[in-house]
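Shown here: entry.txt, compact mmCIF, C-alpha atoms.
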```
# COMPACT_ATOMS: atom_id res chain seq x y z
CA MET A 1 -7.97 25.78 -11.20
CA PRO A 2 -6.35 23.31 -8.77
CA GLN A 3 -2.86 23.92 -7.47
CA PRO A 4 -0.25 21.48 -8.84
CA TYR A 5 0.02 19.70 -5.47
CA GLN A 6 -3.68 18.86 -5.69
CA LEU A 7 -3.35 16.95 -8.97
CA SER A 8 -3.55 13.18 -9.05
CA LEU A 9 -0.68 11.23 -10.56
CA THR A 10 -2.57 10.66 -13.81
CA GLU A 11 -3.62 14.30 -14.05
CA ALA A 12 -0.10 15.57 -13.43
CA ALA A 13 1.48 13.09 -15.86
CA GLY A 14 -0.96 14.12 -18.57
CA GLN A 15 -0.31 17.81 -18.07
CA ILE A 16 3.46 17.29 -18.15
CA ARG A 17 3.19 15.25 -21.35
CA ARG A 18 1.06 17.98 -22.97
CA ARG A 19 3.57 20.65 -21.80
CA GLU A 20 0.84 22.27 -19.69
CA LEU A 21 2.75 21.73 -16.43
CA SER A 22 6.45 21.90 -15.74
CA PRO A 23 7.97 19.26 -13.48
CA VAL A 24 9.61 22.19 -11.67
CA ALA A 25 6.27 23.84 -10.93
CA LEU A 26 4.91 20.53 -9.67
CA MET A 27 7.93 19.92 -7.46
CA GLU A 28 7.89 23.43 -6.02
CA SER A 29 4.20 23.16 -5.23
CA LEU A 30 4.71 19.84 -3.42
CA LEU A 31 7.75 21.10 -1.51
CA ASN A 32 5.82 24.16 -0.34
CA ARG A 33 3.03 21.84 0.79
CA ILE A 34 5.53 19.69 2.68
CA ASP A 35 7.08 22.77 4.29
CA ALA A 36 3.65 23.81 5.54
CA LEU A 37 2.50 20.43 6.88
CA GLU A 38 5.52 18.30 7.71
CA PRO A 39 6.30 19.88 11.09
CA SER A 40 2.96 18.61 12.40
CA LEU A 41 2.39 15.42 10.33
CA LYS A 42 5.89 13.89 10.48
CA ALA A 43 5.51 11.82 7.30
CA TRP A 44 9.09 12.13 6.00
CA VAL A 45 12.35 10.78 7.36
CA TRP A 46 14.60 12.03 4.50
CA LEU A 47 14.13 14.72 1.86
CA ASP A 48 16.80 16.71 -0.04
CA ARG A 49 15.05 19.81 -1.39
CA ALA A 50 17.93 20.99 -3.56
CA ALA A 51 18.50 17.55 -5.09
CA VAL A 52 14.88 16.93 -6.07
CA LEU A 53 14.52 20.45 -7.50
CA ALA A 54 17.61 19.87 -9.62
CA GLU A 55 16.13 16.59 -10.84
CA ALA A 56 12.84 18.30 -11.67
CA GLU A 57 14.76 20.92 -13.66
CA ALA A 58 16.49 18.14 -15.62
CA LYS A 59 13.11 16.54 -16.33
CA ALA A 60 11.77 19.90 -17.51
CA ARG A 61 14.68 20.33 -19.91
CA GLU A 62 14.08 16.87 -21.33
CA ALA A 63 10.41 17.67 -21.92
CA GLU A 64 11.22 21.02 -23.53
CA ALA A 65 13.76 19.35 -25.82
CA GLY A 66 11.12 16.97 -27.14
CA ALA A 67 12.73 13.87 -25.64
CA ALA A 68 10.73 10.66 -25.39
CA LEU A 69 8.97 10.81 -22.04
CA GLY A 70 8.31 7.85 -19.78
CA PRO A 71 4.83 7.27 -18.37
CA LEU A 72 5.82 8.81 -15.02
CA HIS A 73 8.05 11.58 -16.38
CA GLY A 74 8.57 14.26 -13.74
CA ILE A 75 6.20 12.69 -11.19
CA PRO A 76 7.51 12.87 -7.59
CA VAL A 77 6.91 9.66 -5.64
CA GLY A 78 7.46 9.05 -1.95
CA VAL A 79 9.32 5.87 -0.99
CA LYS A 80 8.91 3.97 2.27
CA ASP A 81 12.18 3.87 4.19
CA ILE A 82 12.72 0.14 3.70
CA TYR A 83 13.42 0.44 -0.05
CA TYR A 84 17.11 0.67 -0.88
CA THR A 85 18.03 3.99 -2.49
CA ALA A 86 21.55 4.40 -3.85
CA GLY A 87 23.57 6.97 -1.90
CA ILE A 88 20.57 7.88 0.27
CA PRO A 89 20.00 6.56 3.82
CA THR A 90 17.68 3.58 4.18
CA THR A 91 17.23 3.21 7.93
CA ALA A 92 13.92 1.32 8.31
CA CYS A 93 13.39 4.03 10.96
CA SER A 94 15.47 1.96 13.37
CA ARG A 95 18.60 2.60 15.40
CA VAL A 96 19.79 -0.79 14.18
CA TYR A 97 20.12 0.53 10.60
CA ALA A 98 20.82 4.15 11.50
CA ASP A 99 23.97 4.33 9.35
CA LEU A 100 22.91 2.26 6.33
CA VAL A 101 23.46 3.98 2.97
CA PRO A 102 22.89 1.48 0.13
CA GLU A 103 25.06 1.40 -2.97
CA TYR A 104 22.19 0.49 -5.28
CA ASP A 105 18.48 1.10 -5.80
CA SER A 106 15.90 -1.55 -5.02
CA THR A 107 14.23 -2.90 -8.16
CA PRO A 108 10.97 -0.97 -7.56
CA VAL A 109 12.84 2.32 -7.14
CA ALA A 110 14.96 1.59 -10.22
CA ARG A 111 11.82 0.90 -12.25
CA LEU A 112 10.19 4.10 -11.05
CA LYS A 113 13.21 6.02 -12.28
CA GLN A 114 13.21 4.16 -15.59
CA ALA A 115 9.60 5.30 -16.05
CA GLY A 116 10.68 8.91 -15.48
CA ALA A 117 9.58 9.36 -11.87
CA ILE A 118 11.51 11.38 -9.30
CA MET A 119 12.24 9.78 -5.93
CA LEU A 120 10.90 12.65 -3.80
CA GLY A 121 12.02 11.40 -0.40
CA LYS A 122 11.86 8.60 2.13
CA THR A 123 8.64 8.24 4.11
CA VAL A 124 8.37 7.19 7.72
CA THR A 125 7.77 3.52 8.47
CA THR A 126 7.21 1.76 11.74
CA GLU A 127 10.49 0.15 12.81
CA PHE A 128 11.45 -2.45 10.18
CA ALA A 129 7.86 -2.28 8.89
CA CYS A 130 6.55 -4.06 11.99
CA MET A 131 4.18 -3.21 14.80
CA ASP A 132 5.64 -0.44 16.98
CA PRO A 133 3.84 2.82 16.08
CA SER A 134 5.68 5.58 14.24
CA PRO A 135 5.58 9.31 15.08
CA THR A 136 3.49 10.06 11.96
CA VAL A 137 0.21 11.90 12.65
CA ASN A 138 -3.20 11.18 11.10
CA PRO A 139 -4.16 14.35 9.13
CA TRP A 140 -7.87 13.74 9.77
CA ASN A 141 -7.48 13.80 13.55
CA PRO A 142 -4.13 13.82 15.39
CA ALA A 143 -5.58 11.81 18.27
CA HIS A 144 -6.16 8.81 15.99
CA THR A 145 -3.65 6.34 14.61
CA PRO A 146 -2.57 6.86 10.98
CA GLY A 147 -2.07 3.11 10.65
CA GLY A 148 1.11 1.30 9.78
CA SER A 149 3.54 0.17 8.85
CA SER A 150 3.43 2.45 5.77
CA SER A 151 2.22 5.36 7.88
CA GLY A 152 4.33 8.09 6.26
CA SER A 153 3.38 7.03 2.74
CA ALA A 154 -0.35 7.04 3.49
CA VAL A 155 -0.27 10.40 5.24
CA ALA A 156 1.92 12.01 2.57
CA VAL A 157 -0.53 11.00 -0.19
CA ALA A 158 -3.64 11.92 1.81
CA ALA A 159 -2.25 15.35 2.74
CA ARG A 160 -1.29 16.10 -0.88
CA MET A 161 2.44 16.13 -0.16
CA CYS A 162 2.96 13.72 -3.07
CA PRO A 163 0.62 12.12 -5.61
CA ALA A 164 1.82 8.58 -4.85
CA ALA A 165 4.04 6.70 -2.43
CA LEU A 166 5.44 3.20 -2.18
CA GLY A 167 4.63 1.02 0.80
CA SER A 168 4.81 -2.67 1.60
CA GLN A 169 2.42 -5.19 3.12
CA THR A 170 3.26 -8.26 5.18
CA VAL A 171 -0.06 -8.31 7.00
CA GLY A 172 -1.98 -5.04 6.53
CA SER A 173 0.58 -2.32 6.04
CA VAL A 174 -0.68 -0.77 2.78
CA LEU A 175 -4.46 -1.13 2.73
CA ARG A 176 -5.07 -0.36 6.40
CA PRO A 177 -3.23 3.01 6.56
CA ALA A 178 -4.63 3.87 3.12
CA SER A 179 -8.18 3.34 4.39
CA TYR A 180 -7.53 5.16 7.67
CA ASN A 181 -6.32 8.18 5.68
CA GLY A 182 -8.95 8.17 2.94
CA VAL A 183 -6.82 7.20 -0.08
CA VAL A 184 -6.50 4.28 -2.49
CA GLY A 185 -4.18 1.51 -1.34
CA PHE A 186 -3.17 -1.28 -3.70
CA LYS A 187 -1.39 -4.58 -3.07
CA PRO A 188 -0.75 -6.72 -6.16
CA SER A 189 -0.41 -10.50 -6.13
CA TYR A 190 2.52 -11.90 -4.19
CA GLY A 191 5.46 -11.83 -6.58
CA ARG A 192 3.95 -9.50 -9.19
CA VAL A 193 6.43 -6.78 -8.15
CA SER A 194 10.02 -7.59 -7.23
CA ARG A 195 11.11 -7.32 -3.62
CA TYR A 196 14.82 -7.09 -4.46
CA GLY A 197 16.53 -4.41 -2.40
CA VAL A 198 13.63 -4.04 0.05
CA ILE A 199 14.42 -4.77 3.70
CA PRO A 200 12.39 -7.90 4.51
CA VAL A 201 10.00 -8.81 7.26
CA SER A 202 8.87 -12.23 6.04
CA TRP A 203 10.17 -13.71 2.80
CA SER A 204 6.98 -15.64 2.02
CA LEU A 205 4.55 -12.82 2.89
CA ASP A 206 6.18 -9.50 1.95
CA THR A 207 4.37 -7.82 -0.94
CA MET A 208 5.15 -4.45 -2.46
CA GLY A 209 2.29 -1.96 -2.72
CA TRP A 210 1.48 1.73 -2.91
CA MET A 211 -0.91 4.55 -2.08
CA THR A 212 -2.48 6.91 -4.61
CA ARG A 213 -5.57 9.10 -4.78
CA ALA A 214 -7.27 7.25 -7.64
CA VAL A 215 -7.52 3.72 -9.01
CA ALA A 216 -6.13 4.85 -12.38
CA ASP A 217 -2.99 6.05 -10.60
CA ALA A 218 -2.54 2.66 -8.94
CA ALA A 219 -2.81 0.99 -12.34
CA ARG A 220 -0.23 3.34 -13.84
CA LEU A 221 2.25 2.47 -11.10
CA LEU A 222 1.63 -1.25 -11.54
CA GLN A 223 2.41 -0.90 -15.25
CA ALA A 224 5.80 0.57 -14.37
CA LEU A 225 6.66 -1.78 -11.51
CA ALA A 226 5.33 -5.23 -12.48
CA GLY A 227 7.43 -7.93 -14.07
CA PRO A 228 10.04 -10.61 -13.49
CA ASP A 229 13.39 -9.91 -11.87
CA ALA A 230 16.38 -12.24 -11.98
CA ASN A 231 17.24 -11.01 -8.48
CA ASP A 232 13.89 -12.12 -6.99
CA PRO A 233 13.00 -15.81 -7.40
CA VAL A 234 9.30 -15.29 -6.61
CA ALA A 235 8.75 -12.70 -9.37
CA PRO A 236 7.48 -14.92 -12.22
CA ALA A 237 8.09 -14.40 -15.92
CA LEU A 238 4.46 -13.72 -16.74
CA ALA A 239 3.19 -11.38 -19.45
CA ILE A 240 2.31 -7.89 -18.20
CA PRO A 241 -1.14 -6.79 -19.38
CA ASP A 242 -2.05 -3.25 -20.42
CA TYR A 243 -3.60 -2.17 -17.14
CA ALA A 244 -4.76 1.20 -18.46
CA ALA A 245 -6.69 -0.56 -21.24
CA ALA A 246 -8.53 -2.59 -18.60
CA LEU A 247 -9.96 0.66 -17.22
CA ALA A 248 -11.45 1.74 -20.55
CA ASP A 249 -15.21 1.53 -19.91
CA PRO A 250 -15.25 -1.80 -18.02
CA PRO A 251 -18.58 -3.57 -17.52
CA ALA A 252 -20.39 -3.61 -14.19
CA PRO A 253 -18.64 -6.22 -12.02
CA ARG A 254 -19.90 -9.40 -10.42
CA ILE A 255 -19.23 -8.84 -6.72
CA GLY A 256 -18.91 -11.58 -4.12
CA LEU A 257 -19.94 -10.00 -0.81
CA LEU A 258 -18.30 -11.67 2.19
CA ARG A 259 -20.97 -10.65 4.68
CA ARG A 260 -21.55 -13.86 6.60
CA GLY A 261 -18.96 -14.76 9.21
CA PHE A 262 -15.57 -13.26 9.85
CA PHE A 263 -15.60 -9.81 8.23
CA TYR A 264 -19.02 -8.68 9.41
CA ASP A 265 -18.67 -10.41 12.77
CA GLN A 266 -15.48 -8.46 13.48
CA ALA A 267 -16.71 -5.05 12.19
CA ASP A 268 -18.54 -2.49 14.31
CA ALA A 269 -22.20 -1.66 13.63
CA GLU A 270 -21.43 1.59 11.80
CA THR A 271 -18.95 -0.09 9.46
CA ARG A 272 -21.39 -2.92 8.69
CA GLN A 273 -24.20 -0.49 7.92
CA HIS A 274 -21.94 1.71 5.81
CA THR A 275 -20.73 -1.28 3.80
CA ASP A 276 -24.31 -2.45 3.20
CA ASP A 277 -25.27 1.05 2.05
CA MET A 278 -22.34 1.22 -0.39
CA VAL A 279 -23.08 -2.26 -1.76
CA GLU A 280 -26.69 -1.22 -2.33
CA ARG A 281 -25.47 1.82 -4.27
CA LEU A 282 -23.23 -0.39 -6.40
CA ALA A 283 -26.11 -2.76 -7.08
CA ARG A 284 -28.36 0.13 -8.13
CA ALA A 285 -25.60 1.25 -10.50
CA GLY A 286 -25.61 -2.17 -12.18
CA ALA A 287 -23.27 -4.44 -10.22
CA VAL A 288 -24.37 -8.03 -9.69
CA VAL A 289 -23.96 -8.85 -6.00
CA GLU A 290 -23.82 -12.39 -4.62
CA GLU A 291 -23.18 -13.34 -1.01
CA LEU A 292 -20.36 -15.86 -0.61
CA SER A 293 -18.96 -17.70 2.39
CA LEU A 294 -15.36 -18.02 3.49
CA PRO A 295 -13.75 -21.49 3.62
CA GLU A 296 -13.21 -23.20 6.96
CA SER A 297 -9.45 -22.73 6.54
CA MET A 298 -10.06 -19.07 7.41
CA ASP A 299 -10.38 -20.16 11.04
CA THR A 300 -6.62 -20.63 11.44
CA ALA A 301 -5.35 -18.25 8.77
CA ILE A 302 -4.56 -15.27 11.00
CA GLU A 303 -2.76 -17.25 13.71
CA ASP A 304 -0.78 -19.16 11.07
CA GLN A 305 0.23 -15.90 9.42
CA GLN A 306 1.49 -14.54 12.74
CA ILE A 307 3.58 -17.69 13.31
CA ILE A 308 5.08 -17.52 9.82
CA MET A 309 5.84 -13.81 10.08
CA ALA A 310 7.50 -14.22 13.50
CA VAL A 311 9.68 -17.16 12.42
CA GLU A 312 10.77 -15.65 9.11
CA GLY A 313 11.24 -12.22 10.67
CA SER A 314 13.40 -13.65 13.44
CA ALA A 315 15.52 -15.51 10.86
CA PHE A 316 16.41 -12.17 9.26
CA HIS A 317 16.93 -10.23 12.49
CA GLU A 318 18.62 -12.94 14.59
CA PRO A 319 22.27 -11.88 14.01
CA MET A 320 21.52 -8.22 14.76
CA TYR A 321 19.22 -9.09 17.64
CA ARG A 322 21.97 -11.14 19.31
CA ARG A 323 24.29 -8.11 19.15
CA GLN A 324 21.93 -5.22 19.93
CA ALA A 325 18.56 -6.36 21.20
CA GLU A 326 18.25 -3.18 23.25
CA ASP A 327 18.16 -1.09 20.06
CA TYR A 328 14.89 -2.69 18.95
CA GLN A 329 11.51 -1.33 20.05
CA PRO A 330 9.38 -3.51 22.36
CA GLY A 331 6.86 -4.84 19.83
CA LEU A 332 9.51 -5.93 17.36
CA ARG A 333 11.60 -7.47 20.14
CA GLY A 334 8.58 -9.53 21.15
CA MET A 335 8.00 -10.72 17.59
CA ILE A 336 11.63 -11.76 17.21
CA ARG A 337 11.60 -13.62 20.51
CA ARG A 338 8.41 -15.42 19.50
CA GLY A 339 9.95 -16.48 16.23
CA LEU A 340 13.14 -17.72 17.84
CA ASP A 341 11.11 -19.71 20.37
CA THR A 342 8.80 -21.34 17.78
CA ASP A 343 9.66 -24.96 16.97
CA ALA A 344 10.04 -26.24 13.42
CA VAL A 345 6.97 -28.47 13.62
CA SER A 346 4.70 -25.52 14.48
CA TYR A 347 6.14 -23.48 11.62
CA SER A 348 5.77 -26.38 9.18
CA ARG A 349 2.15 -26.99 10.15
CA ALA A 350 1.35 -23.29 9.76
CA LEU A 351 2.84 -23.35 6.27
CA GLU A 352 0.82 -26.45 5.38
CA ARG A 353 -2.46 -24.94 6.58
CA ARG A 354 -1.63 -21.75 4.70
CA GLN A 355 -1.24 -23.72 1.47
CA ARG A 356 -4.77 -25.05 1.85
CA PHE A 357 -6.11 -21.59 2.71
CA SER A 358 -4.43 -20.05 -0.35
CA ALA A 359 -5.88 -22.69 -2.67
CA GLU A 360 -9.39 -22.31 -1.26
CA MET A 361 -9.29 -18.51 -1.42
CA GLN A 362 -8.16 -18.66 -5.05
CA LEU A 363 -11.16 -20.87 -5.87
CA LEU A 364 -13.45 -18.45 -4.06
CA ALA A 365 -12.03 -15.46 -5.94
CA GLU A 366 -12.49 -17.21 -9.29
CA ARG A 367 -16.25 -17.41 -8.76
CA VAL A 368 -16.74 -13.64 -9.26
CA ASP A 369 -14.92 -10.60 -10.60
CA VAL A 370 -14.09 -9.30 -7.12
CA LEU A 371 -14.66 -10.17 -3.49
CA LEU A 372 -15.81 -7.28 -1.27
CA THR A 373 -15.42 -6.57 2.44
CA PRO A 374 -15.12 -3.50 4.65
CA SER A 375 -11.53 -2.24 4.46
CA THR A 376 -11.15 -2.17 8.24
CA PRO A 377 -13.28 -3.30 11.20
CA THR A 378 -13.64 0.34 12.34
CA PRO A 379 -12.36 3.75 11.34
CA ALA A 380 -8.96 4.70 12.76
CA ARG A 381 -9.16 4.41 16.54
CA PRO A 382 -8.25 7.21 18.98
CA ASP A 383 -5.21 5.23 20.13
CA ARG A 384 -1.66 6.20 19.14
CA THR A 385 -0.08 3.29 21.04
CA ASN A 386 -0.66 0.88 18.14
CA THR A 387 -1.21 1.00 14.37
CA GLY A 388 -4.74 -0.39 14.28
CA ASP A 389 -6.44 -3.67 13.49
CA THR A 390 -4.81 -5.76 10.73
CA ARG A 391 -7.38 -8.57 10.60
CA PHE A 392 -9.15 -7.50 7.42
CA GLN A 393 -5.99 -7.20 5.30
CA GLY A 394 -3.98 -10.11 6.66
CA PRO A 395 -5.94 -12.88 4.91
CA TRP A 396 -5.28 -11.41 1.44
CA THR A 397 -1.57 -11.06 2.13
CA SER A 398 -1.39 -14.59 3.50
CA CYS A 399 -3.04 -16.16 0.46
CA GLY A 400 -1.21 -13.85 -1.96
CA LEU A 401 -4.29 -12.50 -3.76
CA PRO A 402 -4.28 -8.90 -5.04
CA ALA A 403 -6.37 -6.41 -3.07
CA ILE A 404 -7.28 -2.74 -3.17
CA THR A 405 -9.06 -0.30 -0.87
CA ILE A 406 -11.05 2.65 -2.17
CA PRO A 407 -12.46 5.50 -0.07
CA SER A 408 -16.22 5.18 0.45
CA GLY A 409 -17.17 7.94 2.88
CA LEU A 410 -16.79 9.28 6.39
CA ALA A 411 -17.81 7.81 9.73
CA ALA A 412 -19.79 9.81 12.27
CA SER A 413 -16.43 10.64 13.84
CA GLY A 414 -15.35 12.38 10.62
CA LEU A 415 -12.74 9.73 9.86
CA PRO A 416 -12.55 7.86 6.53
CA LEU A 417 -14.11 4.50 5.72
CA GLY A 418 -13.29 2.27 2.77
CA LEU A 419 -14.30 -0.75 0.74
CA GLN A 420 -11.78 -3.53 0.20
CA LEU A 421 -11.85 -5.52 -3.04
CA ALA A 422 -9.82 -8.65 -3.80
CA GLY A 423 -9.34 -10.65 -6.98
CA ALA A 424 -7.84 -13.89 -8.21
CA SER A 425 -4.08 -14.37 -8.25
CA PHE A 426 -2.34 -12.37 -11.00
CA ALA A 427 -5.72 -11.07 -12.18
CA GLU A 428 -4.91 -7.45 -11.37
CA SER A 429 -6.48 -6.23 -14.61
CA GLY A 430 -9.91 -7.46 -13.55
CA LEU A 431 -9.48 -6.22 -9.99
CA LEU A 432 -8.43 -2.74 -11.11
CA ALA A 433 -11.24 -2.59 -13.66
CA ALA A 434 -13.82 -3.48 -11.02
CA ALA A 435 -12.30 -1.02 -8.53
CA TRP A 436 -12.34 1.74 -11.16
CA TRP A 437 -16.02 1.00 -11.88
CA CYS A 438 -16.88 1.06 -8.17
CA GLU A 439 -14.88 4.25 -7.65
CA ALA A 440 -16.83 5.96 -10.46
CA ALA A 441 -20.19 4.63 -9.23
CA LEU A 442 -19.62 5.82 -5.65
CA ASP A 443 -17.93 9.10 -6.66
CA VAL A 444 -16.39 9.63 -3.21
CA GLN A 445 -13.43 12.01 -3.04
CA LEU A 446 -11.94 12.66 0.37
CA ALA A 447 -9.44 15.24 1.56
CA PRO A 448 -8.35 15.73 5.18
CA PRO A 449 -8.89 19.11 6.87
CA VAL A 450 -5.27 20.24 6.65
```
Take the structure from the file and write it as structure tokens.
Amino acid sequence: MPQPYQLSLTEAAGQIRRRELSPVALMESLLNRIDALEPSLKAWVWLDRAAVLAEAEAKAREAEAGAALGPLHGIPVGVKDIYYTAGIPTTACSRVYADLVPEYDSTPVARLKQAGAIMLGKTVTTEFACMDPSPTVNPWNPAHTPGGSSSGSAVAVAARMCPAALGSQTVGSVLRPASYNGVVGFKPSYGRVSRYGVIPVSWSLDTMGWMTRAVADAARLLQALAGPDANDPVAPALAIPDYAAALADPPAPRIGLLRRGFFYDQADAETRQHTDDMVERLARAGAVVEELSLPESMDTAIEDQQIIMAVEGSAFHEPMYRRQAEDYQPGLRGMIRRGLDTDAVSYSRALERRQRFSAEMQLLAERVDVLLTPSTPTPARPDRTNTGDTRFQGPWTSCGLPAITIPSGLAASGLPLGLQLAGASFAESGLLAAAWWCEAALDVQLAPPV
């Protein structure tokens, strides 16, 4: 029988609901796991053991009393240290925000709590969710990057220190570290989940996301977190589907394989061959695979995204940067300087080209159930001086389409590889259904050697 810390979110939630598992036993198992691994992995920046145990005990009493239980009742969730948490430090892992203690919860954290989840602790992020690497260690191989910016969240989920953790993605900060660490990473459509109370990088790119160990877990979190918010103008008042129902025996998907051009040109030979092998397995299982081509607007999409991120990031940081530039790490300082030096015409033209790219990618996504690419150009590189290559996630964040990465195997180096799937805007039900089908067809379950 698996230890409680080994359970997925869906497994643990089911056992708690059936009174087969106490939230206290789950919390104690996870805390013991954290005690054993955290000194070497460095995934957490804040964790109050006594407080979360007391909360687990309260959840256990509620379950024993027969109270109505939320869908995440008693489930501990890690939270990236850019999400406001009332009365708990939110530092963005930066000296600039070293003393920030918010008075309120961000909307995603508040919704987690409303669903019955326990905020387990704050996970390490790169400074202000940007490019300078964090101290977090890849549990598959400490010489290799764990990815970023949601490095602590990805490592915590992969190492079984929590069943799920919140991250955020402005370029590739959820799906890339998820793939590098062999877990599921999910980024919904831009605006599907409120950003209120989350420290921004770029107002027009920032998208909330999370890491789990199964597609069903990602869907369960989306059910709890999706929806409009009066405090976030880009969170639309759209109906929220039953995401779990979409996973009930979905049909084999129609897959648009983006093999020609950018994604395969930029991937190494092993990643290309692995992706082809996995696509062949999916086709044998019943998927219909069609090769599609990217629009020409892809040619400028990455550079335009970098311009937009730098300008919008510098707009947020400018007052603090003027006062304490020396407190920022070098990579973030460079991004802020680039943004401050970019003229309005360049920014406007980048926004205009991005509008065309977004429209053309939406049309491409509507042709099939999901688009498929390798999750990353290579497995995690043996280089701790950066957080890895963002090129394969950036386009989906720029055009706002939902995307997910699922583990698909190990490279010759022993490091994880993944498949990245993307769907049409606000069509998360179809994307999750296709990802669940692919996950079942491939039947790949990875765990790091820790």
Residues of region 165-195 of chain A within 9 Å of region 411-417 of chain A: nearest atom pair and distance (Å, one decimal) for each, counting all atoms listed in the file, sorted by chain and number, as a Markdown table?
```
| residue | atom | partner | partner_atom | distance |
| --- | --- | --- | --- | --- |
| A:Ser179 | CA | A:Leu417 | CA | 6.2 |
| A:Tyr180 | CA | A:Pro416 | CA | 5.8 |
| A:Asn181 | CA | A:Pro416 | CA | 6.3 |
| A:Gly182 | CA | A:Pro416 | CA | 5.1 |
| A:Val183 | CA | A:Pro416 | CA | 8.8 |
```
Could you name the residues that touch region 91-100 of chain A at 6 Å or less, counting all atoms listed in the file, but leaving out those on the same chain fewer than 3 positions away, as a ChimeraX atom specification? /A:81-82,127-128,327
Determine the nearest neighbour of Val157 (chain A) from the options A:Ile240, A:Ala440, A:Ala65, A:Ala43, counting only C-alpha atoms. A:Ala43
Separation of CA of Ser29 (chain A) from CA of Trp210 (chain A), in Å and rounded to one decimal: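 Calculated distance between CA of Ser29 (chain A) and CA of Trp210 (chain A) is 21.7 Å.
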Measuring atom to atom with all atoms listed in the file, identify which of A:Thr170, A:Asn141, A:Ser202, A:Thr10 is nearest to Pro449 (chain A).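 Selected residue with least distance to Pro449 (chain A): A:Asn141.
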For Gln445 (chain A), which of A:Leu47, A:Asp229, A:Ala214, A:Asp304 is the closest residue, counting all atoms listed in the file? A:Ala214
Local residues around (12.0, 9.4, -18.6), at most 10 Å away, using all atoms listed in the file, as a list in words: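 Collected hits near the coordinates: Lys59, Glu62, Ala63, Ala67, Ala68, Leu69, Gly70, Pro71, Leu72, His73, Gly74, Ile75, Leu112, Lys113, Gln114, Ala115, Gly116, Ala117 and Ile118 of chain A.
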Skipping near chain neighbours, those fewer than 4 positions away, what residues fall within 8 Å of Thr397 (chain A) using only C-alpha atoms, listed as a PyMOL selection string? chain A and resi 169-172+190+205-207+393+401-402
